[in-house]
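Asker: Got a structure for you, run_34.txt, holding compact mmCIF, C-alpha atoms.
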```
# COMPACT_ATOMS: atom_id res chain seq x y z
CA MET H 1395 -0.81 8.82 18.86
CA ASP H 1396 0.39 5.38 17.84
CA SER H 1397 0.33 4.83 14.10
CA ARG H 1398 0.21 1.07 14.50
CA LEU H 1399 -3.29 0.01 13.55
CA SER H 1400 -3.38 -2.87 15.98
CA ALA H 1401 -2.36 -0.60 18.85
CA VAL H 1402 -5.13 1.86 18.07
CA PHE H 1403 -8.09 -0.25 17.15
CA THR H 1404 -9.61 -3.57 17.81
CA LEU H 1405 -10.07 -4.54 14.20
CA ASP H 1406 -13.35 -6.18 15.04
CA LEU H 1407 -14.69 -2.64 15.35
CA PHE H 1408 -15.10 -2.65 11.57
CA SER H 1409 -17.89 -5.20 11.90
CA ASP H 1410 -21.44 -4.08 11.33
CA PRO H 1411 -23.37 -4.05 14.64
CA THR H 1412 -26.60 -4.70 12.72
CA ALA H 1413 -25.14 -7.79 11.03
CA ALA H 1414 -27.07 -10.27 13.14
CA ALA H 1415 -30.39 -8.64 12.30
CA GLN H 1416 -29.53 -8.46 8.60
CA ILE H 1417 -28.56 -12.14 8.47
CA LEU H 1418 -31.72 -13.18 10.29
CA SER H 1419 -33.78 -11.18 7.80
CA LEU H 1420 -32.45 -13.48 5.04
CA ASN H 1421 -34.66 -16.21 6.50
CA GLN H 1422 -37.54 -14.61 4.64
CA LYS H 1423 -35.88 -15.56 1.34
CA THR H 1424 -34.44 -18.91 2.39
CA GLU H 1425 -37.37 -20.32 4.37
CA PRO H 1426 -39.29 -21.28 1.19
CA LEU H 1427 -36.18 -23.32 0.31
CA GLY H 1428 -36.34 -25.12 3.64
CA LEU H 1429 -33.40 -23.27 5.16
CA THR H 1430 -33.46 -21.02 8.21
CA LEU H 1431 -30.90 -19.70 10.63
CA SER H 1432 -31.70 -19.40 14.32
CA PRO H 1433 -30.28 -16.56 16.44
CA ALA H 1434 -27.80 -19.09 17.86
CA ASP H 1435 -26.76 -20.06 14.32
CA VAL H 1436 -26.21 -16.39 13.43
CA THR H 1437 -24.12 -15.86 16.54
CA ALA H 1438 -22.03 -18.89 15.62
CA LEU H 1439 -21.59 -17.59 12.07
CA ILE H 1440 -20.51 -14.16 13.24
CA GLN H 1441 -18.00 -15.79 15.56
CA SER H 1442 -16.78 -18.03 12.72
CA ARG H 1443 -16.36 -14.97 10.52
CA ALA H 1444 -14.23 -13.27 13.16
CA GLU H 1445 -12.07 -16.39 13.55
CA ALA H 1446 -11.73 -16.83 9.78
CA LEU H 1447 -10.66 -13.20 9.38
CA SER H 1448 -8.13 -13.55 12.16
CA ALA H 1449 -6.78 -16.82 10.75
CA SER H 1450 -6.39 -15.30 7.30
CA GLY H 1451 -4.90 -12.02 8.55
CA ARG H 1452 -7.65 -9.89 7.06
CA ILE H 1453 -10.01 -7.19 8.18
CA GLU H 1454 -13.47 -6.65 6.75
CA ILE H 1455 -15.54 -3.49 6.57
CA GLY H 1456 -19.06 -4.39 7.54
CA SER H 1457 -20.23 -8.00 7.66
CA ALA H 1458 -21.77 -8.51 4.24
CA THR H 1459 -19.94 -11.71 3.33
CA ILE H 1460 -22.04 -13.97 5.53
CA GLY H 1461 -25.24 -12.72 3.92
CA LYS H 1462 -23.79 -12.96 0.41
CA LEU H 1463 -22.72 -16.58 0.95
CA ALA H 1464 -26.04 -17.49 2.53
CA GLU H 1465 -27.95 -15.99 -0.39
CA ALA H 1466 -25.75 -17.58 -3.01
CA PHE H 1467 -25.73 -21.08 -1.52
CA SER H 1468 -29.25 -21.30 -0.16
CA GLY H 1469 -30.47 -22.66 -3.50
CA SER H 1470 -27.94 -25.48 -3.52
CA ALA H 1471 -29.16 -29.04 -3.95
CA TYR H 1472 -26.44 -30.17 -1.53
CA ILE H 1473 -27.35 -27.98 1.43
CA THR H 1474 -29.97 -29.08 3.90
CA GLN H 1475 -31.19 -27.58 7.12
CA GLN H 1476 -28.93 -30.06 8.96
CA ASN H 1477 -25.72 -28.91 7.31
CA TYR H 1478 -26.66 -25.27 6.50
CA THR H 1479 -24.78 -23.53 9.31
CA VAL H 1480 -21.70 -25.73 9.30
CA THR H 1481 -21.43 -25.44 5.50
CA LEU H 1482 -21.64 -21.65 5.70
CA GLN H 1483 -18.92 -21.67 8.36
CA GLU H 1484 -16.62 -23.67 6.11
CA LEU H 1485 -17.44 -21.49 3.14
CA LEU H 1486 -16.46 -18.43 5.17
CA ASP H 1487 -13.09 -20.03 5.94
CA LEU H 1488 -12.56 -20.82 2.26
CA PHE H 1489 -13.68 -17.38 1.12
CA TYR H 1490 -11.19 -15.42 3.19
CA ALA H 1491 -8.38 -17.91 2.69
CA PHE H 1492 -8.77 -17.74 -1.08
CA LYS H 1493 -9.07 -13.98 -1.15
CA ASN H 1494 -5.47 -14.19 0.07
CA GLU H 1495 -4.48 -17.02 -2.27
CA THR H 1496 -5.87 -15.11 -5.25
CA LEU H 1497 -3.92 -12.00 -4.16
CA ASP H 1498 -7.17 -10.02 -4.00
CA LEU H 1499 -7.29 -10.11 -7.80
CA ILE H 1500 -10.91 -11.25 -7.85
CA SER H 1501 -13.90 -9.35 -6.49
CA ASP H 1502 -16.00 -10.69 -3.62
CA ASN H 1503 -19.03 -11.24 -5.82
CA GLU H 1504 -17.08 -13.02 -8.52
CA LEU H 1505 -15.37 -15.31 -6.02
CA ILE H 1506 -18.67 -16.24 -4.38
CA SER H 1507 -20.22 -16.83 -7.79
CA PHE H 1508 -17.31 -19.09 -8.75
CA MET H 1509 -17.55 -20.99 -5.47
CA LYS H 1510 -21.27 -21.58 -5.91
CA ASP H 1511 -20.91 -22.68 -9.53
CA ALA H 1512 -18.06 -25.07 -8.76
CA PHE H 1513 -19.69 -26.45 -5.61
CA GLU H 1514 -22.95 -27.10 -7.42
CA ASN H 1515 -21.87 -28.19 -10.90
CA ARG H 1516 -18.40 -29.71 -10.60
CA CYS H 1517 -17.85 -30.79 -7.00
CA GLY H 1518 -21.10 -32.59 -6.24
CA GLY H 1519 -21.42 -30.58 -3.04
CA SER H 1520 -17.93 -31.52 -1.82
CA LEU H 1521 -16.19 -28.70 0.04
CA GLU H 1522 -12.95 -30.67 -0.17
CA LEU H 1523 -13.04 -30.72 -3.96
CA LEU H 1524 -14.07 -27.08 -3.99
CA SER H 1525 -11.07 -26.15 -1.89
CA ASN H 1526 -8.34 -28.50 -3.09
CA ARG H 1527 -9.18 -28.59 -6.79
CA GLU H 1528 -11.38 -25.75 -7.99
CA LEU H 1529 -10.23 -22.89 -5.77
CA GLU H 1530 -6.58 -23.95 -5.92
CA LYS H 1531 -6.77 -23.88 -9.74
CA LEU H 1532 -8.50 -20.50 -9.69
CA ALA H 1533 -5.80 -19.09 -7.44
CA GLU H 1534 -3.03 -20.50 -9.63
CA ASN H 1535 -4.63 -19.07 -12.76
CA LEU H 1536 -4.94 -15.64 -11.22
CA ARG H 1537 -1.41 -15.61 -9.83
CA PHE H 1538 -0.02 -16.51 -13.25
CA GLY H 1539 -2.12 -13.84 -14.92
CA ARG H 1540 -4.01 -16.26 -17.15
CA GLU H 1541 -6.90 -14.61 -18.95
CA ASN H 1542 -9.31 -17.51 -18.68
CA TYR H 1543 -8.79 -17.77 -14.94
CA THR H 1544 -12.05 -19.54 -14.06
CA SER H 1545 -11.23 -22.45 -16.32
CA MET H 1546 -9.61 -25.67 -15.15
CA TYR H 1547 -7.81 -25.72 -18.51
CA PRO H 1548 -6.71 -22.19 -19.29
CA GLU H 1549 -4.58 -21.32 -22.31
CA PRO H 1550 -0.91 -22.44 -22.06
CA ASP H 1551 1.41 -19.89 -20.49
CA GLU H 1552 3.56 -17.85 -22.85
CA LEU H 1553 7.16 -18.96 -22.62
CA ASP H 1554 9.92 -16.40 -22.39
CA GLU H 1555 13.00 -16.62 -24.63
CA ASP H 1556 14.99 -18.92 -22.33
CA GLU H 1557 12.04 -21.23 -21.78
CA ARG H 1558 11.44 -21.41 -25.57
CA GLU H 1559 15.09 -22.35 -26.15
CA ASP H 1560 14.88 -25.08 -23.51
CA ALA H 1561 11.65 -26.36 -25.05
CA ASP H 1562 13.23 -26.47 -28.52
CA GLU H 1563 16.15 -28.50 -27.20
CA MET G 1232 3.43 17.45 15.23
CA ASN G 1233 4.32 14.11 16.75
CA ASN G 1234 2.91 11.47 19.05
CA ASN G 1235 4.20 13.03 22.28
CA ALA G 1236 2.86 16.45 21.36
CA ILE G 1237 -0.55 15.00 20.52
CA THR G 1238 -0.85 13.31 23.89
CA ALA G 1239 0.33 16.51 25.57
CA TYR G 1240 -2.12 18.84 23.82
CA LEU G 1241 -5.23 16.66 23.48
CA THR G 1242 -7.24 15.15 26.30
CA PRO G 1243 -7.72 11.36 26.45
CA GLU G 1244 -11.36 11.87 25.44
CA GLU G 1245 -10.31 13.94 22.43
CA ILE G 1246 -7.76 11.31 21.42
CA GLN G 1247 -10.39 8.59 21.72
CA ASP G 1248 -12.80 10.62 19.61
CA LEU G 1249 -10.07 11.23 17.06
CA GLN G 1250 -9.30 7.53 16.85
CA GLY G 1251 -12.98 6.76 16.36
CA ARG G 1252 -13.18 9.20 13.47
CA LEU G 1253 -10.01 7.76 11.96
CA LEU G 1254 -11.56 4.31 12.16
CA THR G 1255 -14.61 5.43 10.20
CA MET G 1256 -12.45 7.09 7.58
CA LEU G 1257 -10.21 4.05 7.30
CA GLY G 1258 -13.22 1.88 6.58
CA GLU G 1259 -14.16 4.21 3.71
CA GLU G 1260 -10.59 4.25 2.41
CA VAL G 1261 -10.44 0.46 2.38
CA LEU G 1262 -13.61 0.26 0.30
CA ARG G 1263 -12.39 2.99 -2.02
CA TYR G 1264 -9.03 1.21 -2.39
CA THR G 1265 -10.75 -1.99 -3.49
CA GLY G 1266 -12.99 -0.08 -5.88
CA TYR G 1267 -15.93 -1.24 -3.76
CA GLU G 1268 -15.37 -4.74 -5.15
CA SER G 1269 -14.12 -6.20 -1.92
CA SER G 1270 -15.12 -5.52 1.65
CA SER G 1271 -11.95 -7.06 3.12
CA VAL G 1272 -8.21 -6.55 2.78
CA GLN G 1273 -5.13 -7.99 4.45
CA VAL G 1274 -4.25 -6.35 7.73
CA GLU G 1275 -0.91 -5.16 6.32
CA LYS G 1276 -2.74 -3.32 3.54
CA ALA G 1277 -5.12 -1.74 6.04
CA GLN G 1278 -2.09 -0.67 8.08
CA SER G 1279 -0.53 0.90 5.00
CA LEU G 1280 -3.76 2.72 4.11
CA TYR G 1281 -3.99 3.97 7.67
CA GLU G 1282 -0.43 5.30 7.55
CA SER G 1283 -1.16 6.98 4.24
CA MET G 1284 -4.17 8.76 5.78
CA LEU G 1285 -2.08 9.85 8.75
CA TYR G 1286 0.64 11.10 6.41
CA CYS G 1287 -1.81 13.39 4.57
CA ILE G 1288 -3.41 14.56 7.80
CA THR G 1289 -0.03 15.33 9.39
CA ALA G 1290 1.23 17.06 6.23
CA TYR G 1291 -1.74 19.43 6.35
CA LEU G 1292 -1.66 20.05 10.10
CA ASN G 1293 2.06 20.84 9.97
CA THR G 1294 1.33 23.81 7.72
CA LEU G 1295 -0.95 25.40 10.34
CA PRO G 1296 0.16 27.67 13.19
CA ASP G 1297 -2.08 25.80 15.66
CA PRO G 1298 -2.73 22.22 14.46
CA TYR G 1299 -4.46 21.24 17.70
CA ALA G 1300 -7.04 23.99 17.29
CA ALA G 1301 -7.63 22.74 13.74
CA LEU G 1302 -8.15 19.20 15.03
CA ARG G 1303 -10.89 20.56 17.26
CA ALA G 1304 -12.42 22.95 14.76
CA LEU G 1305 -12.33 21.06 11.46
CA SER G 1306 -13.72 17.69 10.49
CA LEU G 1307 -11.12 15.00 10.02
CA GLN G 1308 -12.33 14.57 6.46
CA GLN G 1309 -11.62 18.23 5.72
CA ILE G 1310 -8.14 17.86 7.19
CA PHE G 1311 -7.49 14.62 5.30
CA PHE G 1312 -8.63 15.99 1.93
CA GLY G 1313 -6.69 19.18 2.61
CA GLY G 1314 -3.62 17.03 3.22
CA LEU G 1315 -4.25 14.89 0.16
CA GLU G 1316 -4.49 17.99 -2.03
CA LEU G 1317 -1.28 19.29 -0.45
CA VAL G 1318 0.54 16.01 -1.09
CA ARG G 1319 -0.61 16.07 -4.73
CA GLN G 1320 0.67 19.65 -5.04
CA TYR G 1321 4.02 18.59 -3.61
CA ALA G 1322 4.19 15.77 -6.17
CA ALA G 1323 3.50 18.25 -8.98
CA GLU G 1324 6.04 20.67 -7.49
CA CYS G 1325 8.66 17.92 -7.43
CA LYS G 1326 8.37 17.55 -11.19
CA VAL G 1327 9.17 21.24 -11.58
CA LEU G 1328 12.02 20.95 -9.05
CA LEU G 1329 13.46 17.97 -10.91
CA LYS G 1330 13.54 20.00 -14.11
CA ARG G 1331 15.32 22.79 -12.22
CA ALA G 1332 17.81 20.26 -10.82
CA LYS G 1333 18.52 19.05 -14.37
CA ASP G 1334 18.89 22.63 -15.63
CA THR G 1335 21.41 23.48 -12.89
CA ARG G 1336 23.18 20.10 -12.86
CA VAL G 1337 26.89 19.77 -12.19
CA GLN G 1338 28.78 18.66 -15.27
CA THR G 1339 30.33 15.45 -14.01
CA ASP G 1340 30.63 11.80 -14.92
CA LEU G 1341 29.85 10.70 -11.37
CA ILE G 1342 27.46 7.83 -12.07
CA ALA G 1343 25.35 8.08 -8.88
CA TYR G 1344 24.78 11.80 -9.42
CA ASN G 1345 23.68 11.42 -13.03
CA HIS G 1346 21.61 8.32 -12.37
CA THR G 1347 19.73 10.06 -9.57
CA ILE G 1348 18.92 13.11 -11.68
CA ASP G 1349 18.25 11.32 -14.97
CA SER G 1350 16.29 8.32 -13.80
CA GLU G 1351 15.83 7.50 -10.11
CA ILE G 1352 13.80 10.50 -9.02
CA ASP G 1353 11.72 10.39 -12.17
CA LEU G 1354 10.85 6.73 -11.50
CA LEU G 1355 9.95 7.51 -7.90
CA LEU G 1356 7.64 10.34 -8.95
CA LYS G 1357 5.99 8.21 -11.62
CA GLY G 1358 5.30 5.43 -9.14
CA TYR G 1359 4.10 7.72 -6.37
CA ASP G 1360 0.55 7.10 -5.08
CA PRO G 1361 -0.59 10.09 -3.02
CA ARG G 1362 -3.94 8.60 -2.11
CA PHE G 1363 -3.17 5.12 -0.91
CA GLN G 1364 0.61 5.14 -0.30
CA ALA G 1365 1.38 8.76 0.49
CA GLN G 1366 4.02 7.74 3.00
CA ASN G 1367 6.00 5.63 0.53
CA THR G 1368 8.18 6.64 -2.36
CA THR G 1369 8.54 3.13 -3.66
CA ALA G 1370 6.40 0.06 -3.36
CA LEU G 1371 9.05 -1.52 -1.20
CA SER G 1372 10.46 1.21 0.94
CA THR G 1373 9.48 4.23 2.96
CA MET G 1374 12.69 5.97 1.94
CA ALA G 1375 13.41 7.24 -1.53
CA ASN G 1376 15.61 4.85 -3.48
CA ILE G 1377 18.20 7.50 -4.29
CA SER G 1378 21.89 6.81 -4.86
CA TYR G 1379 23.49 10.25 -4.70
CA PRO G 1380 24.10 11.38 -1.11
CA LEU G 1381 23.31 14.97 -0.18
CA PHE G 1382 25.66 17.10 1.86
CA SER G 1383 22.99 17.38 4.54
CA ASP G 1384 20.04 15.01 4.24
CA ASP G 1385 16.93 15.18 6.42
CA LEU G 1386 16.02 11.56 7.09
CA SER G 1387 13.23 12.45 9.51
CA VAL G 1388 10.78 12.95 6.64
CA THR G 1389 9.43 10.32 4.28
CA GLY G 1390 7.33 10.08 1.17
CA ILE G 1391 6.91 13.03 -1.14
CA LEU G 1392 8.14 15.43 1.56
CA TYR G 1393 11.48 13.63 1.49
CA ILE G 1394 11.75 13.89 -2.30
CA ARG G 1395 10.78 17.55 -2.25
CA ASN G 1396 13.33 18.24 0.44
CA TYR G 1397 15.98 16.29 -1.45
CA LEU G 1398 15.40 18.22 -4.67
CA LEU G 1399 15.45 21.61 -2.95
CA LYS G 1400 18.79 20.77 -1.34
CA LEU G 1401 20.18 19.29 -4.53
CA ILE G 1402 19.37 22.50 -6.42
CA GLU G 1403 21.03 24.49 -3.65
CA GLU G 1404 24.15 22.30 -3.92
CA ASN G 1405 24.14 22.56 -7.71
CA GLU G 1406 24.12 26.34 -7.42
CA PHE G 1407 27.01 26.18 -4.95
CA CYS G 1408 29.00 23.90 -7.25
CA ALA G 1409 28.34 26.25 -10.20
CA GLY G 1410 31.02 28.47 -8.68
CA TYR G 1411 33.67 25.84 -9.51
CA SER G 1412 34.84 24.68 -12.91
CA LYS G 1413 34.11 21.26 -14.33
CA ASN G 1414 37.84 20.43 -14.42
CA TYR G 1415 38.32 21.47 -10.78
CA ILE G 1416 35.49 19.21 -9.66
CA ARG G 1417 36.83 16.35 -11.78
CA ALA G 1418 40.26 16.77 -10.23
CA LEU G 1419 38.75 16.60 -6.75
CA LEU G 1420 36.84 13.44 -7.60
CA LEU G 1421 39.86 11.84 -9.24
CA THR G 1422 42.07 12.58 -6.24
CA HIS G 1423 39.46 11.16 -3.89
CA GLY G 1424 39.21 8.04 -6.05
CA VAL G 1425 42.98 7.54 -6.12
CA LYS G 1426 43.15 8.02 -2.35
CA HIS G 1427 40.61 5.25 -1.82
CA GLY G 1428 41.75 3.02 -4.68
CA ILE G 1429 38.51 3.10 -6.66
CA ASP G 1430 37.28 4.51 -9.94
CA TYR G 1431 35.95 7.94 -8.99
CA ARG G 1432 32.94 7.54 -11.29
CA ASP G 1433 31.63 4.73 -9.10
CA MET G 1434 31.94 6.64 -5.82
CA LEU G 1435 29.01 7.52 -3.62
CA VAL G 1436 30.32 10.90 -2.52
CA ASN G 1437 28.85 14.35 -2.31
CA ILE G 1438 30.52 16.90 -4.59
CA LYS G 1439 29.85 19.91 -2.34
CA GLU G 1440 31.40 18.06 0.59
CA LEU G 1441 34.56 17.38 -1.40
CA ILE G 1442 34.78 21.05 -2.40
CA LEU G 1443 34.46 22.16 1.22
CA GLU G 1444 37.02 19.59 2.37
CA GLN G 1445 39.46 20.88 -0.22
CA ALA G 1446 38.81 24.45 0.87
CA ARG G 1447 39.73 23.42 4.42
CA GLY G 1448 42.92 21.88 3.10
CA ASP G 1449 41.81 18.29 3.71
CA ILE G 1450 42.31 17.29 0.07
CA PRO G 1451 45.57 18.42 -1.52
CA ILE G 1452 45.31 18.51 -5.32
```
Give the structure from this file in structure tokens form.
Answerer:
Amino acid sequence: MDSRLSAVFTLDLFSDPTAAAQILSLNQKTEPLGLTLSPADVTALIQSRAEALSASGRIEIGSATIGKLAEAFSGSAYITQQNYTVTLQELLDLFYAFKNETLDLISDNELISFMKDAFENRCGGSLELLSNRELEKLAENLRFGRENYTSMYPEPDELDEDEREDADE
Amino acid sequence: MNNNAITAYLTPEEIQDLQGRLLTMLGEEVLRYTGYESSSVQVEKAQSLYESMLYCITAYLNTLPDPYAALRALSLQQIFFGGLELVRQYAAECKVLLKRAKDTRVQTDLIAYNHTIDSEIDLLLKGYDPRFQAQNTTALSTMANISYPLFSDDLSVTGILYIRNYLLKLIEENEFCAGYSKNYIRALLLTHGVKHGIDYRDMLVNIKELILEQARGDIPI
């Protein structure tokens, strides 16, 4: 029996077969906000999720991320019915990419919460700013072990002895 | 129990069923590994978790007279948790074996020997993760990071089984070497060092092997 995971399983088998139904059921919550997903939209999102996972070299157990992103961002002032699906697709790409960039040091819920807060309150609905400024900074903060990792201006890094000597010179 | 034997003793349908059950268990292990805070991991991590599961399962099945009957009779979860418990017992046993190795140690200033007994194995045991990296003895390698070479090392095993095996053989060699004086062993090492033009304390040689070579007349002192 081959111990190579890829030889044994199609990693897509970890997906939840009821994902489509679960995502469609979110329409009950988002419809009052003017946002709904059609079955074709859900199919496109599930496909996008699979592509984003493959591109980022990750596997996911279940398919909860789509629903979590949809719930978190459905209240956004910058998302309309016209851009709802395509925005969710881009958010999926960013989510999995930055799970890697943050070395898995941040939980799913916290990352989604950060993305929503930044997108809404600091990026004016710009996915480019979210990706290139906010998420990049978050990833850097986490990789350097900074305590205040959600801040754009965390505390200065502690210098080691050599760095202190260089600074004094 | 190896891949060829599995395919010989289990039918294709049984193998497929086994793989399906492993898949379900792997999903649970991934979630447990992330503390249920993340539903995704990198593929390499999933691969490592999968290998760790297989390591525990194989460790358990290898203790049974008929592992294939067990695969049919027991749930995979029972086998996995049986293996995990076994691996944890081996890790605890290795701590006792290390103490025994220290108690029976050869009195020598061979650096590799002393470093292995005094620090390397201890570090490996401290860093050992039986649940999520059972197959590894370091974060970076599947082989123990051990300097001192054994007289006869079994490189077909990995993880905690390798360390356990290593310690058992080291104790055996220590007991063999106890039949020779400290000065005799030092003379052997010194001669070997002079022959090869290096400080004998830095050599990566096995003491028992040198003793046996001398007994055969290969090393005149």
Asker: At what distance in Å, to one decimal, does atom CA of Ala1533 of chain H lie from atom CA of Glu1495 of chain H?
Answerer: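 We find that atom CA of Glu1495 of chain H and atom CA of Ala1533 of chain H lie 5.7 Å from each other.
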Asker: Please, what distance in Å, to one decimal, runs between atom CA of Leu1482 of chain H and atom CA of Cys1517 of chain H?
Answerer: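 These two atoms are separated by 16.1 Å.
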Asker: Between H:Ser1507, H:Thr1459, H:Gln1483, H:Asn1526, which has the minimum distance to chain G (counting all atoms listed in the file)?
Answerer: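 Of all the options, H:Thr1459 lies closest to chain G.
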Asker: Residues of chain G within 12 Å of chain H: nearest atom pair and distance (Å, one decimal) for each, counting all atoms listed in the file, sorted by chain and number, as a tab-separated table?
Answerer:
```
residue	atom	partner	partner_atom	distance
G:Met1232	CA	H:Met1395	CA	10.3
G:Asn1233	CA	H:Met1395	CA	7.7
G:Asn1234	CA	H:Met1395	CA	4.6
G:Asn1235	CA	H:Met1395	CA	7.4
G:Ala1236	CA	H:Met1395	CA	8.8
G:Ile1237	CA	H:Met1395	CA	6.4
G:Thr1238	CA	H:Met1395	CA	6.7
G:Ala1239	CA	H:Met1395	CA	10.3
G:Tyr1240	CA	H:Met1395	CA	11.3
G:Leu1241	CA	H:Met1395	CA	10.1
G:Thr1242	CA	H:Met1395	CA	11.7
G:Pro1243	CA	H:Met1395	CA	10.6
G:Glu1245	CA	H:Met1395	CA	11.4
G:Ile1246	CA	H:Met1395	CA	7.8
G:Gln1247	CA	H:Val1402	CA	9.3
G:Asp1248	CA	H:Val1402	CA	11.7
G:Leu1249	CA	H:Met1395	CA	9.7
G:Gln1250	CA	H:Val1402	CA	7.1
G:Gly1251	CA	H:Phe1403	CA	8.6
G:Arg1252	CA	H:Phe1403	CA	11.3
G:Leu1253	CA	H:Phe1403	CA	9.7
G:Leu1254	CA	H:Phe1403	CA	7.6
G:Thr1255	CA	H:Phe1408	CA	8.2
G:Met1256	CA	H:Phe1408	CA	10.9
G:Leu1257	CA	H:Ile1455	CA	9.3
G:Gly1258	CA	H:Ile1455	CA	5.8
G:Glu1259	CA	H:Ile1455	CA	8.3
G:Glu1260	CA	H:Ile1455	CA	10.1
G:Val1261	CA	H:Ile1455	CA	7.7
G:Leu1262	CA	H:Ile1455	CA	7.6
G:Arg1263	CA	H:Ile1455	CA	11.2
G:Tyr1264	CA	H:Asp1498	CA	11.5
G:Thr1265	CA	H:Ser1501	CA	8.5
G:Gly1266	CA	H:Ser1501	CA	9.3
G:Tyr1267	CA	H:Ser1501	CA	8.8
G:Glu1268	CA	H:Ser1501	CA	5.0
G:Ser1269	CA	H:Asp1502	CA	5.2
G:Ser1270	CA	H:Ile1455	CA	5.3
G:Ser1271	CA	H:Glu1454	CA	4.0
G:Val1272	CA	H:Arg1452	CA	5.5
G:Gln1273	CA	H:Arg1452	CA	4.1
G:Val1274	CA	H:Arg1452	CA	5.0
G:Glu1275	CA	H:Gly1451	CA	8.2
G:Lys1276	CA	H:Arg1452	CA	8.9
G:Ala1277	CA	H:Ile1453	CA	7.6
G:Gln1278	CA	H:Leu1399	CA	5.6
G:Ser1279	CA	H:Leu1399	CA	9.0
G:Leu1280	CA	H:Leu1399	CA	9.8
G:Tyr1281	CA	H:Leu1399	CA	7.1
G:Glu1282	CA	H:Ser1397	CA	6.6
G:Ser1283	CA	H:Ser1397	CA	10.2
G:Met1284	CA	H:Ser1397	CA	10.2
G:Leu1285	CA	H:Ser1397	CA	7.7
G:Tyr1286	CA	H:Ser1397	CA	9.9
G:Thr1289	CA	H:Ser1397	CA	11.5
```
Asker: Figure out the distance between atom CA of Lys1531 of chain H and atom CA of Thr1474 of chain H, please, to one decimal in Å.
Answerer: 27.4 Å
Asker: Which neighbours of segment 1376-1381 of chain G fall inside 7 Å, counting only C-alpha atoms, when residues of the same chain fewer than 6 positions from it are skipped, and could you give them as a VMD selection string?
Answerer: chain G and resid 1343 to 1344 1347 1351 1401 1435 to 1437
Asker: Which residue is closest to Val1436 of chain H? Choose from H:Phe1513, H:Phe1467, H:Phe1489, H:Tyr1478 and count all atoms listed in the file.
Answerer: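 Checking each of H:Phe1513, H:Phe1467, H:Phe1489, H:Tyr1478 against Val1436 of chain H, counting all atoms listed in the file, the winner is H:Tyr1478.
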Asker: Could you list, as a CSV table (one decimal) with C-alpha atoms, keeping the file's coordinate frame, every residue within 9 Å of Glu1528 of chain H, counting all atoms listed in the file and ignoring same-chain residues fewer than 4 positions away?
Answerer:
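Printed below is selection34.csv as written:
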```
chain,number,residue,atom,x,y,z
H,1508,PHE,CA,-17.3,-19.1,-8.8
H,1509,MET,CA,-17.6,-21.0,-5.5
H,1512,ALA,CA,-18.1,-25.1,-8.8
H,1513,PHE,CA,-19.7,-26.4,-5.6
H,1516,ARG,CA,-18.4,-29.7,-10.6
H,1517,CYS,CA,-17.8,-30.8,-7.0
H,1523,LEU,CA,-13.0,-30.7,-4.0
H,1524,LEU,CA,-14.1,-27.1,-4.0
H,1532,LEU,CA,-8.5,-20.5,-9.7
H,1533,ALA,CA,-5.8,-19.1,-7.4
H,1544,THR,CA,-12.0,-19.5,-14.1
H,1545,SER,CA,-11.2,-22.4,-16.3
H,1546,MET,CA,-9.6,-25.7,-15.2
```
Asker: Reconstruct segment 1385-1394 of chain G at the level of N, CA and C atoms, and format the result as a PDB file, keeping the file's coordinate frame.
Answerer:
```
ATOM      1  N   ASP G1385      17.880  15.279   5.313  1.00  0.00           N
ATOM      2  CA  ASP G1385      16.930  15.180   6.420  1.00  0.00           C
ATOM      3  C   ASP G1385      16.198  13.845   6.318  1.00  0.00           C
ATOM      4  N   LEU G1386      16.612  12.903   7.141  1.00  0.00           N
ATOM      5  CA  LEU G1386      16.020  11.560   7.090  1.00  0.00           C
ATOM      6  C   LEU G1386      14.799  11.422   7.994  1.00  0.00           C
ATOM      7  N   SER G1387      14.391  12.538   8.622  1.00  0.00           N
ATOM      8  CA  SER G1387      13.230  12.450   9.510  1.00  0.00           C
ATOM      9  C   SER G1387      11.914  12.498   8.730  1.00  0.00           C
ATOM     10  N   VAL G1388      11.993  12.898   7.459  1.00  0.00           N
ATOM     11  CA  VAL G1388      10.780  12.950   6.640  1.00  0.00           C
ATOM     12  C   VAL G1388      10.777  11.795   5.657  1.00  0.00           C
ATOM     13  N   THR G1389       9.572  11.429   5.233  1.00  0.00           N
ATOM     14  CA  THR G1389       9.430  10.320   4.280  1.00  0.00           C
ATOM     15  C   THR G1389       8.522  10.756   3.139  1.00  0.00           C
ATOM     16  N   GLY G1390       8.299   9.826   2.236  1.00  0.00           N
ATOM     17  CA  GLY G1390       7.330  10.080   1.170  1.00  0.00           C
ATOM     18  C   GLY G1390       7.698  11.264   0.299  1.00  0.00           C
ATOM     19  N   ILE G1391       6.690  11.943  -0.186  1.00  0.00           N
ATOM     20  CA  ILE G1391       6.910  13.030  -1.140  1.00  0.00           C
ATOM     21  C   ILE G1391       7.619  14.212  -0.466  1.00  0.00           C
ATOM     22  N   LEU G1392       7.445  14.361   0.840  1.00  0.00           N
ATOM     23  CA  LEU G1392       8.140  15.430   1.560  1.00  0.00           C
ATOM     24  C   LEU G1392       9.644  15.213   1.517  1.00  0.00           C
ATOM     25  N   TYR G1393      10.056  13.938   1.563  1.00  0.00           N
ATOM     26  CA  TYR G1393      11.480  13.630   1.490  1.00  0.00           C
ATOM     27  C   TYR G1393      12.025  14.004   0.117  1.00  0.00           C
ATOM     28  N   ILE G1394      11.278  13.600  -0.940  1.00  0.00           N
ATOM     29  CA  ILE G1394      11.750  13.890  -2.300  1.00  0.00           C
ATOM     30  C   ILE G1394      11.826  15.389  -2.537  1.00  0.00           C
TER      31      ILE G1394
END
```
